[in-house]
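Structure below is my_file_14.txt: compact mmCIF, C-alpha atoms.
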```txt
# COMPACT_ATOMS: atom_id res chain seq x y z
CA ASP A 1 17.67 -27.97 -12.09
CA TYR A 2 16.74 -25.08 -14.37
CA VAL A 3 19.54 -22.49 -14.59
CA ASP A 4 18.89 -19.03 -16.05
CA VAL A 5 22.21 -17.79 -17.47
CA SER A 6 20.79 -15.07 -19.73
CA ASN A 7 22.64 -12.52 -17.58
CA GLU A 8 26.07 -13.64 -16.38
CA LEU A 9 25.90 -11.05 -13.58
CA ASN A 10 22.56 -12.32 -12.32
CA ILE A 11 22.38 -16.11 -12.56
CA ARG A 12 19.31 -17.84 -11.10
CA ASN A 13 18.81 -21.49 -10.32
CA GLY A 14 15.82 -23.63 -9.36
CA ASN A 15 15.59 -26.01 -6.41
CA PRO A 16 13.69 -29.32 -6.85
CA ASN A 17 14.15 -30.08 -3.14
CA LEU A 18 11.94 -27.21 -1.91
CA ASN A 19 9.24 -28.08 0.62
CA GLN A 20 5.70 -26.72 0.57
CA GLU A 21 5.12 -23.55 2.60
CA TYR A 22 2.59 -23.80 5.44
CA ILE A 23 1.07 -20.62 6.88
CA HIS A 24 -0.61 -20.63 10.30
CA THR A 25 -2.79 -17.67 11.30
CA ALA A 26 -4.65 -16.57 14.42
CA GLN A 27 -7.00 -13.61 14.72
CA LEU A 28 -8.66 -11.78 17.61
CA ARG A 29 -11.53 -9.36 16.97
CA TYR A 30 -13.45 -6.90 19.15
CA ARG A 31 -16.39 -4.69 18.15
CA ASP A 32 -18.41 -2.13 20.11
CA VAL A 33 -21.28 -0.10 18.62
CA ASN A 34 -23.36 2.48 20.47
CA ARG A 35 -26.61 2.72 18.54
CA THR A 36 -27.73 5.76 20.56
CA ASN A 37 -25.04 8.20 19.45
CA GLY A 38 -23.65 6.27 16.47
CA ARG A 39 -20.20 5.71 17.98
CA SER A 40 -18.34 2.60 16.80
CA PHE A 41 -15.04 0.94 17.67
CA ASN A 42 -13.40 -2.05 16.01
CA SER A 43 -10.13 -3.76 16.87
CA ASN A 44 -8.31 -6.63 15.16
CA ILE A 45 -5.07 -8.44 16.00
CA ASN A 46 -3.60 -10.86 13.46
CA PHE A 47 -0.67 -13.25 13.89
CA SER A 48 0.86 -15.27 11.05
CA TYR A 49 3.64 -17.88 11.19
CA THR A 50 5.18 -19.63 8.17
CA ASN A 51 6.86 -23.02 8.10
CA ASN A 52 9.25 -23.73 5.22
CA LYS A 53 9.15 -20.14 4.01
CA ILE A 54 10.73 -19.89 0.55
CA VAL A 55 13.46 -17.22 0.46
CA ARG A 56 16.38 -16.47 -1.83
CA SER A 57 19.88 -17.64 -1.05
CA VAL A 58 22.22 -15.14 -2.73
CA LEU A 59 25.92 -15.52 -3.46
CA ILE A 60 27.75 -12.31 -4.33
CA THR A 61 31.31 -12.31 -5.61
CA ASP A 62 33.81 -9.60 -6.56
CA THR A 63 35.83 -11.96 -8.78
CA THR A 64 34.92 -14.20 -11.70
CA MET A 65 34.19 -17.74 -10.54
CA VAL A 66 32.97 -21.07 -11.93
CA LEU A 67 29.73 -22.20 -10.29
CA PHE A 68 29.42 -25.65 -11.88
CA ASP A 69 29.97 -27.29 -15.25
CA ASP A 70 30.45 -24.44 -17.72
CA VAL A 71 28.41 -21.84 -15.77
CA ILE A 72 30.58 -18.81 -14.97
CA LEU A 73 29.56 -15.98 -12.63
CA GLY A 74 31.11 -12.67 -13.61
CA ALA A 75 32.88 -10.35 -11.17
CA GLY A 76 30.38 -8.28 -9.20
CA GLY A 77 27.56 -10.68 -10.10
CA GLN A 78 25.15 -12.66 -7.97
CA TYR A 79 23.90 -16.23 -8.00
CA SER A 80 20.55 -16.97 -6.35
CA VAL A 81 18.60 -20.11 -5.55
CA PRO A 82 15.36 -20.54 -3.54
CA VAL A 83 15.61 -22.34 -0.16
CA ASN A 84 13.35 -23.07 2.83
CA VAL A 85 13.64 -21.45 6.26
CA ASP A 86 11.54 -21.54 9.44
CA GLY A 87 10.80 -18.79 11.95
CA VAL A 88 9.14 -16.23 9.64
CA TYR A 89 6.20 -14.46 11.28
CA SER A 90 4.21 -11.21 11.30
CA ILE A 91 1.95 -9.39 13.75
CA ARG A 92 -0.56 -6.70 12.78
CA ALA A 93 -3.01 -4.67 14.90
CA THR A 94 -5.80 -2.56 13.40
CA ASN A 95 -8.11 -0.18 15.26
CA SER A 96 -10.90 1.99 13.86
CA TYR A 97 -13.10 4.56 15.59
CA GLY A 98 -16.10 6.50 14.27
CA LEU A 99 -18.19 9.22 15.89
CA PRO A 100 -20.89 11.58 14.55
CA ILE A 101 -20.55 15.05 16.15
CA LYS A 102 -23.99 16.58 15.73
CA LYS A 103 -23.10 19.99 17.21
CA LEU A 104 -20.49 20.50 14.50
CA GLY A 105 -22.41 18.67 11.78
CA ILE A 106 -19.54 16.29 10.98
CA ASN A 107 -18.54 12.63 11.15
CA LEU A 108 -15.11 11.82 12.54
CA ASN A 109 -13.31 8.60 11.59
CA LEU A 110 -9.92 7.33 12.75
CA ASN A 111 -8.02 4.26 11.62
CA SER A 112 -4.70 3.10 13.10
CA ASN A 113 -2.44 0.20 12.10
CA LEU A 114 0.68 -1.27 13.69
CA PHE A 115 2.76 -4.12 12.27
CA TYR A 116 5.95 -6.11 12.85
CA ASN A 117 7.51 -8.60 10.41
CA LYS A 118 10.37 -11.06 10.98
CA ASN A 119 12.04 -12.55 7.93
CA PHE A 120 15.30 -14.21 6.86
CA ALA A 121 17.70 -14.19 3.93
CA TYR A 122 20.76 -16.19 2.98
CA LEU A 123 23.75 -14.12 1.89
CA ASN A 124 26.96 -15.97 0.98
CA ASP A 125 25.71 -19.06 2.86
CA LYS A 126 24.95 -17.09 6.04
CA LEU A 127 21.41 -17.02 7.42
CA ILE A 128 20.69 -13.40 8.28
CA PRO A 129 17.50 -12.19 10.03
CA SER A 130 15.72 -9.03 8.95
CA LYS A 131 12.82 -7.15 10.47
CA GLY A 132 10.40 -4.47 9.48
CA TYR A 133 7.91 -2.53 11.54
CA GLY A 134 5.81 0.56 11.21
CA PHE A 135 2.46 2.23 11.55
CA SER A 136 -0.18 4.07 9.57
CA GLN A 137 -2.77 6.61 10.63
CA HIS A 138 -5.83 7.66 8.66
CA ILE A 139 -8.00 10.59 9.75
CA TRP A 140 -11.01 11.71 7.77
CA VAL A 141 -13.77 14.19 8.54
CA PHE A 142 -16.84 14.83 6.42
CA THR A 143 -19.98 16.90 6.94
CA ASN A 144 -23.40 15.42 7.70
CA PHE A 145 -25.56 18.54 8.03
CA SER A 146 -26.96 18.22 4.48
CA LYS A 147 -27.41 15.57 1.81
CA ASN A 148 -26.96 18.19 -0.90
CA ILE A 149 -23.49 19.28 0.11
CA ILE A 150 -20.83 17.04 1.62
CA ILE A 151 -17.33 18.34 2.33
CA GLY A 152 -14.54 16.00 3.35
CA MET A 153 -10.96 16.29 4.59
CA ASN A 154 -8.56 13.33 4.71
CA TYR A 155 -5.05 12.74 5.98
CA ASN A 156 -3.18 9.46 5.68
CA ALA A 157 0.37 8.71 6.85
CA ASN A 158 2.41 5.51 6.48
CA VAL A 159 5.81 5.06 8.13
CA ASN A 160 7.88 1.89 7.63
CA PHE A 161 11.15 1.09 9.41
CA THR A 162 13.39 -1.66 8.06
CA ASN A 163 16.46 -3.31 9.55
CA ASN A 164 17.99 -5.60 6.91
CA PRO A 165 21.73 -6.43 7.23
CA THR A 166 21.80 -7.85 3.68
CA THR A 167 21.08 -4.51 1.97
CA ARG A 168 23.59 -1.75 1.19
CA ILE A 169 21.61 0.57 3.49
CA GLN A 170 20.87 -1.63 6.50
CA HIS A 171 18.54 0.74 8.38
CA TYR A 172 16.12 2.92 6.48
CA THR A 173 12.73 4.58 6.81
CA VAL A 174 10.08 5.10 4.15
CA GLN A 175 7.27 7.62 4.67
CA THR A 176 4.22 8.38 2.56
CA HIS A 177 1.73 11.15 3.27
CA ARG A 178 -1.55 12.02 1.57
CA VAL A 179 -3.78 15.03 2.24
CA SER A 180 -7.01 15.43 0.31
CA ASN A 181 -10.14 17.55 0.15
CA THR A 182 -13.41 16.37 -1.41
CA LEU A 183 -16.67 18.10 -2.27
CA THR A 184 -20.01 16.68 -3.45
CA LEU A 185 -22.67 19.23 -4.37
CA GLU A 186 -26.21 18.78 -5.69
CA PHE A 187 -27.94 21.91 -7.00
CA LEU A 188 -30.77 23.03 -9.26
CA LYS A 189 -32.60 19.83 -8.26
CA ARG A 190 -30.83 17.60 -10.81
CA MET A 191 -27.28 18.89 -11.20
CA ALA A 192 -24.35 17.27 -9.38
CA PHE A 193 -20.76 18.46 -9.05
CA SER A 194 -17.83 16.86 -7.23
CA TYR A 195 -14.07 17.15 -7.00
CA ASN A 196 -11.14 15.48 -5.24
CA LEU A 197 -7.95 17.45 -4.65
CA ALA A 198 -5.03 15.45 -3.22
CA TYR A 199 -1.40 16.10 -2.32
CA LEU A 200 0.92 13.07 -2.08
CA TYR A 201 4.47 12.82 -0.75
CA ASN A 202 6.81 9.80 -0.89
CA SER A 203 10.08 10.12 1.03
CA GLY A 204 13.45 9.04 -0.31
CA ILE A 205 15.67 6.19 0.91
CA GLY A 206 19.26 6.68 2.04
CA GLY A 207 19.37 10.40 1.35
CA SER A 208 17.58 10.29 -2.01
CA GLU A 209 15.16 13.09 -2.74
CA GLY A 210 11.50 12.69 -1.86
CA ILE A 211 8.76 12.82 -4.49
CA SER A 212 5.57 14.87 -4.29
CA THR A 213 2.62 15.46 -6.59
CA THR A 214 -0.78 17.15 -6.61
CA LEU A 215 -3.81 15.52 -8.26
CA LEU A 216 -7.20 17.00 -9.10
CA ASN A 217 -10.25 15.05 -10.34
CA ALA A 218 -13.68 16.57 -10.99
CA SER A 219 -17.12 15.58 -12.26
CA LEU A 220 -20.22 17.40 -13.48
CA GLY A 221 -23.42 15.43 -13.91
CA TYR A 222 -27.15 15.60 -14.53
CA LYS A 223 -29.66 13.26 -12.85
CA VAL A 224 -32.35 11.84 -15.11
CA PHE A 225 -35.66 9.97 -14.75
CA LYS A 226 -38.43 10.69 -12.28
CA GLN A 227 -36.70 9.03 -9.33
CA LYS A 228 -33.29 10.56 -10.20
CA ASN A 229 -31.80 7.08 -10.16
CA ALA A 230 -29.56 7.61 -13.18
CA GLU A 231 -26.88 10.15 -13.95
CA LEU A 232 -25.16 11.35 -17.10
CA SER A 233 -21.82 12.91 -16.16
CA LEU A 234 -18.60 14.26 -17.61
CA LYS A 235 -15.62 13.23 -15.50
CA ALA A 236 -12.15 14.75 -15.64
CA PHE A 237 -9.11 12.94 -14.25
CA ASP A 238 -5.75 14.47 -13.40
CA LEU A 239 -6.72 17.99 -14.45
CA LEU A 240 -3.29 19.30 -13.38
CA ASN A 241 -1.57 16.66 -15.53
CA ASN A 242 0.71 15.62 -12.65
CA ALA A 243 0.02 11.89 -12.25
CA SER A 244 3.11 9.69 -11.89
CA SER A 245 3.77 6.15 -10.73
CA ILE A 246 6.94 5.66 -8.68
CA ARG A 247 7.47 2.71 -6.37
CA ARG A 248 10.42 2.24 -4.04
CA THR A 249 11.49 -1.29 -3.11
CA ALA A 250 14.30 -2.86 -1.12
CA THR A 251 15.56 -6.42 -1.61
CA GLU A 252 18.46 -8.43 -0.22
CA THR A 253 20.87 -6.85 -2.68
CA ALA A 254 19.44 -3.55 -3.90
CA ILE A 255 17.22 -0.55 -3.20
CA SER A 256 15.31 0.54 -6.30
CA SER A 257 13.03 3.36 -7.45
CA ILE A 258 10.75 2.00 -10.17
CA THR A 259 9.02 4.45 -12.50
CA SER A 260 6.22 3.24 -14.79
CA ASN A 261 4.01 4.97 -17.33
CA THR A 262 0.62 6.09 -16.12
CA LEU A 263 -2.44 7.65 -17.75
CA ASN A 264 -2.39 11.43 -17.35
CA ARG A 265 -5.13 13.98 -17.97
CA TYR A 266 -8.21 12.51 -19.65
CA PHE A 267 -11.99 12.94 -19.77
CA LEU A 268 -14.75 10.37 -19.57
CA LEU A 269 -18.43 10.61 -20.42
CA SER A 270 -20.39 8.12 -18.32
CA PHE A 271 -23.94 7.00 -17.66
CA THR A 272 -24.78 5.43 -14.29
CA TYR A 273 -28.08 3.72 -13.45
CA ASN A 274 -29.04 2.58 -9.94
```

Write the structure described by the file as structure tokens, please.
Amino acid sequence: DYVDVSNELNIRNGNPNLNQEYIHTAQLRYRDVNRTNGRSFNSNINFSYTNNKIVRSVLITDTTMVLFDDVILGAGGQYSVPVNVDGVYSIRATNSYGLPIKKLGINLNLNSNLFYNKNFAYLNDKLIPSKGYGFSQHIWVFTNFSKNIIIGMNYNANVNFTNNPTTRIQHYTVQTHRVSNTLTLEFLKRMAFSYNLAYLYNSGIGGSEGISTTLLNASLGYKVFKQKNAELSLKAFDLLNNASSIRRTATETAISSITSNTLNRYFLLSFTYN
């Protein structure tokens, strides 16, 4: 076995006796399109079951202990090794609906998702089940009364519920919300202007403060050639200089907020040919 002892408070071991994972999936699809009024409806249900799922078996101790040979686990540390378990599965349902509303000059689109996951973890030699479930809803409306001006509004919400007895916070909810407005405008025959203004919110876990940010991207271009099939444009990203990358994760032993560097305000000169 390979033993990683670079951190005496987080010792990891391999497992040469692991079995291959086998994933079984089933899918049911339904589609309905009305070519007269442009209405469309799509529905998908997916089921996945995993044999020999590879999970971590974690041993946590509050005193210093000898694992084997000369390997010592410090007080408050954890020792983990991968093992196989059965009974892991997930169910996901996706529905989408689209409808042009000619009287209002708009297209309406809805997308809904539901999911349920069943998983397992070993903690101090005890097999403990965990589950997660949630939903997402995406609503977007954009105009269709003119090809020269298109205005869009979007709202997207994701809500995840987790019940995991192996974490410090056993029951928690994570929410993300995004509201955006877009505009595409063609004027003076060859000029093109567009922008995307978005507000994003990521909730906290276990009483931690939520995170929000506002992003603005814009572009100004000029169409060239007789058929206007090419465009020279100046694009601006993150004009408000607010971009940030923060990801919240929960494992068997910790809940973490991970911040990484991201590219902030910058400009790009581009040429596109179709």

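All residues of protein, DNA or RNA that reach within 12 Å of A:Leu263, judged by all atoms listed in the file and not counting those fewer than 3 positions away in the chain, are Phe237, Asp238, Leu239, Asn241, Asn242, Ala243, Ser244, Ser245, Ser260, Tyr266 and Phe267 of chain A.
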
**Message:** So that I can check the surroundings of A:Gly204, please list as a ChimeraX atom specification every protein, DNA and RNA residue that reaches within 10 Å of it, counting all atoms listed in the file and ignoring chain neighbours fewer than 5 positions away.
**Reply:** /A:172-176,209-211,248,257

**Item:** Expected answer as an MDAnalysis selection string: all residues with atoms within 6 Å of (-5.3, 9.6, 8.5), all atoms listed in the file
**Value:** chainID A and resid 137:139 155:157

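Atom to atom, atom CA of A:Asn160 and atom CA of A:Tyr133 stand 5.9 Å apart.
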
**Prompt:** How many Å lie between atom CA of A:Asn15 and atom CA of A:Asp86, rounded to one decimal?
**Reply:** 17.0 Å

**Asked** So how far away is atom CA of A:Leu18 from atom CA of A:Tyr2, in Å?
**Response** 13.5 Å

**Complete:** Counting only C-alpha atoms, closest pick from A:Leu185, A:Ile91, A:Leu232, A:Met65 relative to A:Gly132 is A:Ile91

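Residues surrounding A:Val83 within 7 Å are Leu18, Ile54, Val55, Arg56 and Ser57 of chain A [all atoms listed in the file; sequence separation below 6 positions excluded].
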
**Prompt:** Looking at only C-alpha atoms, which of A:Lys228, A:Lys53, A:Lys235, A:Lys189 is the one that sits closest to A:Ile23?
**Reply:** A:Lys53

**Request:** For A:Thr214, work out the shell of residues within 7 Å, counting only C-alpha atoms and skipping chain neighbours fewer than 3 positions away, then give it as a VMD selection string.
**Result:** chain A and resid 198 to 200 242

Those selected residues, please, written with C-alpha atoms and delivered as a CSV table (one decimal), in the frame of the given file.
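Heads up, here's the output in again_11.csv:
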```
chain,number,residue,atom,x,y,z
A,198,ALA,CA,-5.0,15.4,-3.2
A,199,TYR,CA,-1.4,16.1,-2.3
A,200,LEU,CA,0.9,13.1,-2.1
A,242,ASN,CA,0.7,15.6,-12.6
```

**Item:** Nearest-residue call for A:Leu183, choices A:Val159, A:Ile149, A:Val33, A:Leu216, using all atoms listed in the file
**Value:** A:Ile149

At a cut-off of 9 Å, using all atoms listed in the file, what residues contact A:Gly14? Leave out same-chain residues fewer than 4 positions from it and give the result as a short mmCIF file (atom, residue, chain, number, x, y, z; two decimals) with C-alpha atoms, in the frame of the given file.
```cif
data_model
loop_
_atom_site.label_atom_id
_atom_site.label_comp_id
_atom_site.auth_asym_id
_atom_site.auth_seq_id
_atom_site.Cartn_x
_atom_site.Cartn_y
_atom_site.Cartn_z
CA ASP A 1 17.67 -27.97 -12.09
CA TYR A 2 16.74 -25.08 -14.37
CA VAL A 3 19.54 -22.49 -14.59
CA ASP A 4 18.89 -19.03 -16.05
CA SER A 80 20.55 -16.97 -6.35
CA VAL A 81 18.60 -20.11 -5.55
CA PRO A 82 15.36 -20.54 -3.54
#
```

Which centre and which edge lengths, in Å to one decimal, describe the axis-aligned box that holds all listed atoms of stretch 226-240 of chain A after 5 Å is added on each side, as JSON?
```
{"center_x": -20.9, "center_y": 13.2, "center_z": -13.5, "size_x": 45.1, "size_y": 22.2, "size_z": 18.3}
```

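The closest residue to A:Thr50, picked from A:Lys223, A:Arg31, A:Lys118, A:Lys147 and counting all atoms listed in the file, is A:Lys118.
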
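Shortest atom-to-atom contact with A:Asn117 among A:Thr63, A:Asn46, A:Asn181, A:Ile72: A:Asn46, counting all atoms listed in the file.
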